[in-house]
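A.B. asks: Just passing along the structure, written as structure tokens.
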Amino acid sequence: MPSYLHPGVYVEEIPSGAKPIEGVSTSVAALIGYTTAGPIGVATLVHSWDEFKAAFGEIHSPTDSMGLAAFNFFLNGGRDAYIARLAKDAKVSHLPPGVIPGRAGGSADEVNVLAVSARSAGKSGDKLRAQVTANDGYRFTLEVGHWDGEKDKDGNEIRTPLETFSNLSMDTSDADYVLTVVNGSSKHIKVALSDQLKASPATYYKNATSVSGDLAALAWTDVKAGMTLTLNIDNLGAKTITLGAAPGVTFDSGGEVAAEIQARVQALGDAYTTFTCAFAGNALTLTSGSDSASSSVVVRPGTLATLLKLGKSTGGTEIHGTQDVVPKVMPAVAALSGGDDGDPPGVDDYTGFFTKLKKVRDVNIVLLPGQSMPADGTGNTAIDAAIAHCEAMGSRMLLVDPPPGLELDQAATVSSLNLPTSTYTALYYPWVKMANPFYNRDSNPNVPTTLTVAPSSFAAGIWARTDGTRGVWKAPAGVEATVRGMAGLEYSIEDGDQDQLNPEGVNCLRKLPSYGAVVWGTRTLSTKANPEWRYVPVRRTAIYIESSIYNGIQWAVFEPNDHRLWSSLRANVGAFMDGLFRAGAFQGQKSSDAYFVRCGLGDTMTQDDIDRGQVIAIVGFAPLKPAEFVIVRIQQKVGQS
């Protein structure tokens, strides 16, 4: 509490108690499965088909389930998706024999210094090429791209550069240190120090030594007190030293100048105590004194540097302890090789990844491209693991694909599949025909014009589109739920067919006259097992409310558990629910018919609950259920006298 110690007016700000609850996103998908490019076992967030291509490449083949699913998800309205590539025993492409040699003088002294590999495992890395060129001093450029020595009609090499990293250094203390720059920004490759260099760095990092030119003709009396020399020793930063204690004093020998330079540098601090400067053989020798990657002697241009011939005619020199481990200039490009796409993942790979996916809380829709229910009814363990994950999280739904090539023409056929009955699953049927992206790329007349792909990605995109235009409470079905990119259906669905499928929870994709391809069903697979959650929008609206309230009342943890907290919870949750009611998310003409929020002692809690540190709020809502059966009764008007 503030202190009021003198008479006057006090202005204070007090909290209103309003803590708005923000609605969570409901259309973030996770696509999990096998593909041949991109990081393995990592949930990578992409926001468009272009971003997917940048991270995981184009659709690789007619059987690339992940690429086809991502394409159709974004085409049908999907906006955000986590892509998770799973694969067994995939191998990374690298430069054979895996390393780039250094620039050491003779072949006997040459040391392999830098290993280059593709950023992600797979044969796609074998398409990468790398080349090292020299920059001034002890810096170099690493270029990565696609080129194979082919030339255009004018004789110029055809290159497709992807990334260029200039002025790289092998100095660990340098801002342009190669591992920091490349590994921090490259989308295509990773670099590492060779095992040889890591095992024995002191053998190859030299104690940097800079030797001046021949000073036999120098009149040492021209070196006067007050002259300055700017140096950067061991990359500690440029420091300027001043010779002599008083201006005008001259030096009589190279030994005096060397001793003065050494004394002034060592006086800069403890980090410079190993620095030495000696005069012998008519030359000054400046030595860092450290055998490390950062060992360096840099003399900046200046009057005294020119006079002492420390570098070029303009003065200045740069000597590094990494001079022998700077990657050797590669006169020709080198191809990465050895990549392997690996084998499709097993159930252990899926379950292991679902453990990681628990930490990604904003996922609402789960797809398993390449996984479908088997026609013999034996079940799919990967799908079972995904259902267990969705049920444990309580905030996401799985879209299950039916078996390809199986016509579900009657309820008995559906029953034989032993479909799951979880309220967190939905199934769409049949498989969809889409234009074959490889048809125009191949002159082979046997290449079909269409591909048959799983329907789940189309439905997931439509879920996301409907959420954005109407809200999660609107059924993602009907004449608005048009299927984009559909060239046909594996099996045609008529009213009689859907009479058999709809009660089993199978949502059909159909072609309707005047409306085209649409989704014509919005049921979960719990249609019979748990009819309370029969409809997809009801289950997803509940998920939306639960997740939004969960995120929005975290502030209440550790607050005093009294009537003030209960009132605040009722007010804040009630305001959120009222906003949904006004948006049309619930049944009822009045808010009291649509929802309720209760929280209080003697209502939702006992004193024992409070003593255990529990505050209990109960939120009820009347969900909108889709008008699945629109019945119009027509009665003839009887003539009146």
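Letters for chains follow the order of the structure tokens (A, B, ...), residue numbers begin at 1 for each chain, and ligand numbers begin at 1 in the order shown.
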Taking only residues of range 345-464 of chain A that have an atom at most 7 Å from an atom of range 474-489 of chain A, what is each one's shortest atom pair and its distance in Å to one decimal, using only C-alpha atoms, in chain and number order, as JSON lines?

C.D. replies:
{"residue": "A:Pro430", "atom": "CA", "partner": "A:Leu489", "partner_atom": "CA", "distance": 6.6}
{"residue": "A:Trp431", "atom": "CA", "partner": "A:Leu489", "partner_atom": "CA", "distance": 6.2}
{"residue": "A:Val432", "atom": "CA", "partner": "A:Leu489", "partner_atom": "CA", "distance": 4.7}
{"residue": "A:Lys433", "atom": "CA", "partner": "A:Gly488", "partner_atom": "CA", "distance": 4.8}
{"residue": "A:Met434", "atom": "CA", "partner": "A:Ala487", "partner_atom": "CA", "distance": 4.8}
{"residue": "A:Ala435", "atom": "CA", "partner": "A:Ala487", "partner_atom": "CA", "distance": 6.4}
{"residue": "A:Phe458", "atom": "CA", "partner": "A:Val483", "partner_atom": "CA", "distance": 6.7}
{"residue": "A:Ile462", "atom": "CA", "partner": "A:Ala481", "partner_atom": "CA", "distance": 6.3}
{"residue": "A:Trp463", "atom": "CA", "partner": "A:Pro476", "partner_atom": "CA", "distance": 5.4}

A.B. asks: Could you tell me how far CA of Glu51 in chain A lies from CA of Lys187 in chain A, in Å and to one decimal?

C.D. replies: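 Taking CA of Glu51 in chain A as the start and CA of Lys187 in chain A as the end point, the length is 12.0 Å.
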
A.B. asks: What's around Phe73 in chain A at 10 Å? Count only C-alpha atoms, leave out sequence neighbours fewer than 2 positions away in its own chain, and write the answer as a PyMOL selection string.

C.D. replies: chain A and resi 29+31+48-49+67-71+75-81+455-465+484

A.B. asks: Would you mind exporting C-alpha atoms of the selected residues as a PDB file, in the first residue's frame?

C.D. replies:
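For reference, result_6.pdb as written:
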ATOM      1  CA  ALA A  29      -2.168 -28.732 -39.208  1.00  0.00           C
ATOM      2  CA  LEU A  31       1.597 -33.373 -41.575  1.00  0.00           C
ATOM      3  CA  SER A  48       2.470 -21.650 -47.817  1.00  0.00           C
ATOM      4  CA  TRP A  49       3.246 -24.087 -50.586  1.00  0.00           C
ATOM      5  CA  GLY A  67       4.367 -33.429 -50.993  1.00  0.00           C
ATOM      6  CA  LEU A  68       0.970 -34.163 -52.537  1.00  0.00           C
ATOM      7  CA  ALA A  69      -0.794 -33.742 -49.185  1.00  0.00           C
ATOM      8  CA  ALA A  70       0.902 -30.406 -48.486  1.00  0.00           C
ATOM      9  CA  PHE A  71       0.062 -29.142 -51.976  1.00  0.00           C
ATOM     10  CA  LEU A  75      -4.613 -25.299 -52.332  1.00  0.00           C
ATOM     11  CA  ASN A  76      -7.872 -25.847 -50.437  1.00  0.00           C
ATOM     12  CA  GLY A  77      -7.363 -23.041 -47.925  1.00  0.00           C
ATOM     13  CA  GLY A  78      -4.776 -24.264 -45.415  1.00  0.00           C
ATOM     14  CA  ARG A  79      -2.591 -21.508 -43.997  1.00  0.00           C
ATOM     15  CA  ASP A  80      -0.243 -22.899 -41.349  1.00  0.00           C
ATOM     16  CA  ALA A  81       1.231 -26.384 -41.129  1.00  0.00           C
ATOM     17  CA  PRO A 455      -8.751 -37.236 -49.387  1.00  0.00           C
ATOM     18  CA  SER A 456      -7.652 -36.126 -45.897  1.00  0.00           C
ATOM     19  CA  SER A 457      -5.470 -33.232 -47.064  1.00  0.00           C
ATOM     20  CA  PHE A 458      -8.317 -31.787 -49.158  1.00  0.00           C
ATOM     21  CA  ALA A 459     -10.646 -31.977 -46.143  1.00  0.00           C
ATOM     22  CA  ALA A 460      -8.057 -30.423 -43.801  1.00  0.00           C
ATOM     23  CA  GLY A 461      -7.637 -27.457 -46.141  1.00  0.00           C
ATOM     24  CA  ILE A 462     -11.414 -27.024 -46.269  1.00  0.00           C
ATOM     25  CA  TRP A 463     -11.545 -27.107 -42.449  1.00  0.00           C
ATOM     26  CA  ALA A 464      -9.032 -24.270 -42.345  1.00  0.00           C
ATOM     27  CA  ARG A 465     -10.871 -22.306 -45.049  1.00  0.00           C
ATOM     28  CA  ARG A 484     -10.239 -27.420 -55.194  1.00  0.00           C
TER      29      ARG A 484
END

A.B. asks: Need the shell around range 200-213 of chain A: protein/DNA/RNA residues with any atom at most 7 Å away, counting only C-alpha atoms. Skip same-chain ones fewer than 3 positions apart. Format as number ranges by chain?

C.D. replies: A: 196-197, 283-293, 295-297, 308-311, 319-322, 324-325

A.B. asks: For Leu509 in chain A, which of A:Tyr10, A:Tyr429, A:Phe629, A:Phe581 is the closest residue, counting only C-alpha atoms?

C.D. replies: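 Smallest distance to Leu509 in chain A is found for A:Tyr429.
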
A.B. asks: Can you pull out the residues contacting Ala115 in chain A? Cut-off 7 Å, using only C-alpha atoms, and skip same-chain residues under 5 positions away; I want them as a ChimeraX atom specification.

C.D. replies: /A:98-100,191-194

A.B. asks: Nearest to Ala375 in chain A among A:Thr522, A:Ser117, A:Asp401, A:Lys123, with distances taken over only C-alpha atoms: which residue is it?

C.D. replies: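 Smallest distance to Ala375 in chain A is found for A:Asp401.
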
A.B. asks: Name all residues at most 6 Å from range 394-400 of chain A (count only C-alpha atoms; drop same-chain ones fewer than 6 positions away) and give them as a ChimeraX atom specification.

C.D. replies: /A:364-367,424-427,456,543

A.B. asks: Store the residues picked out above, limited to N, CA and C atoms, as an mmCIF file, in the first residue's frame.

C.D. replies:
data_model
loop_
_atom_site.group_PDB
_atom_site.id
_atom_site.type_symbol
_atom_site.label_atom_id
_atom_site.label_comp_id
_atom_site.auth_asym_id
_atom_site.auth_seq_id
_atom_site.Cartn_x
_atom_site.Cartn_y
_atom_site.Cartn_z
ATOM 1 N N ASN A 364 -3.875 -28.288 -34.310
ATOM 2 C CA ASN A 364 -5.286 -28.656 -34.139
ATOM 3 C C ASN A 364 -5.723 -29.808 -35.039
ATOM 4 N N ILE A 365 -5.013 -29.989 -36.170
ATOM 5 C CA ILE A 365 -5.387 -30.992 -37.164
ATOM 6 C C ILE A 365 -4.166 -31.863 -37.434
ATOM 7 N N VAL A 366 -4.332 -33.171 -37.385
ATOM 8 C CA VAL A 366 -3.221 -34.092 -37.612
ATOM 9 C C VAL A 366 -3.504 -34.932 -38.851
ATOM 10 N N LEU A 367 -2.519 -34.992 -39.752
ATOM 11 C CA LEU A 367 -2.596 -35.822 -40.955
ATOM 12 C C LEU A 367 -1.397 -36.753 -40.991
ATOM 13 N N TYR A 424 -12.113 -37.959 -31.622
ATOM 14 C CA TYR A 424 -11.083 -37.083 -32.178
ATOM 15 C C TYR A 424 -10.648 -37.530 -33.572
ATOM 16 N N THR A 425 -11.497 -38.307 -34.255
ATOM 17 C CA THR A 425 -11.146 -38.772 -35.602
ATOM 18 C C THR A 425 -12.296 -38.510 -36.567
ATOM 19 N N ALA A 426 -11.928 -38.301 -37.817
ATOM 20 C CA ALA A 426 -12.910 -38.163 -38.896
ATOM 21 C C ALA A 426 -12.330 -38.827 -40.134
ATOM 22 N N LEU A 427 -13.205 -39.350 -40.981
ATOM 23 C CA LEU A 427 -12.768 -40.052 -42.188
ATOM 24 C C LEU A 427 -13.531 -39.503 -43.394
ATOM 25 N N SER A 456 -7.749 -36.853 -47.173
ATOM 26 C CA SER A 456 -7.652 -36.126 -45.897
ATOM 27 C C SER A 456 -7.072 -34.731 -46.051
ATOM 28 N N ILE A 543 -13.116 -28.057 -28.497
ATOM 29 C CA ILE A 543 -11.662 -27.931 -28.430
ATOM 30 C C ILE A 543 -11.257 -26.456 -28.410
#

A.B. asks: Show which residues sit within 10 Å of Val326 in chain A, as a ChimeraX atom specification. Count only C-alpha atoms, and ignore same-chain residues fewer than 5 positions away.

C.D. replies: /A:100-104,111-114,134,138-140,168-171,320-321

A.B. asks: As JSON, numbers by chain, list the residues of range 87-269 of chain A assigned to strand (DSSP E) by DSSP on the backbone atoms of this structure.

C.D. replies: {"A": [94, 95, 96, 97, 98, 99, 100, 101, 112, 113, 114, 115, 116, 117, 118, 129, 130, 131, 132, 133, 134, 140, 141, 142, 143, 144, 145, 146, 160, 161, 162, 163, 164, 165, 166, 167, 168, 189, 190, 191, 192, 193, 207, 208, 209, 210, 211, 228, 229, 230, 231, 232, 233, 238, 239, 240, 241, 242]}

A.B. asks: With distances taken over only C-alpha atoms, which of A:Thr160, A:Asn530, A:Ser592, A:Asn572 is nearest to Gly145 in chain A?

C.D. replies: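 Among the listed residues, A:Thr160 lies closest to Gly145 in chain A.
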
A.B. asks: One decimal, in Å: what's the spacing between CA of Pro161 in chain A and CA of Trp147 in chain A?

C.D. replies: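 Taking CA of Pro161 in chain A as the start and CA of Trp147 in chain A as the end point, the length is 8.0 Å.
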
A.B. asks: Of the residues A:Ala43, A:Leu231, A:Leu565, A:Leu417, which is the one nearest to Ile610 in chain A, using only C-alpha atoms?

C.D. replies: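 For Ile610 in chain A, the nearest of the candidates is A:Leu565.
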
A.B. asks: Interatomic distance between CA of Lys91 in chain A and CA of Asp343 in chain A?

C.D. replies: 10.6 Å
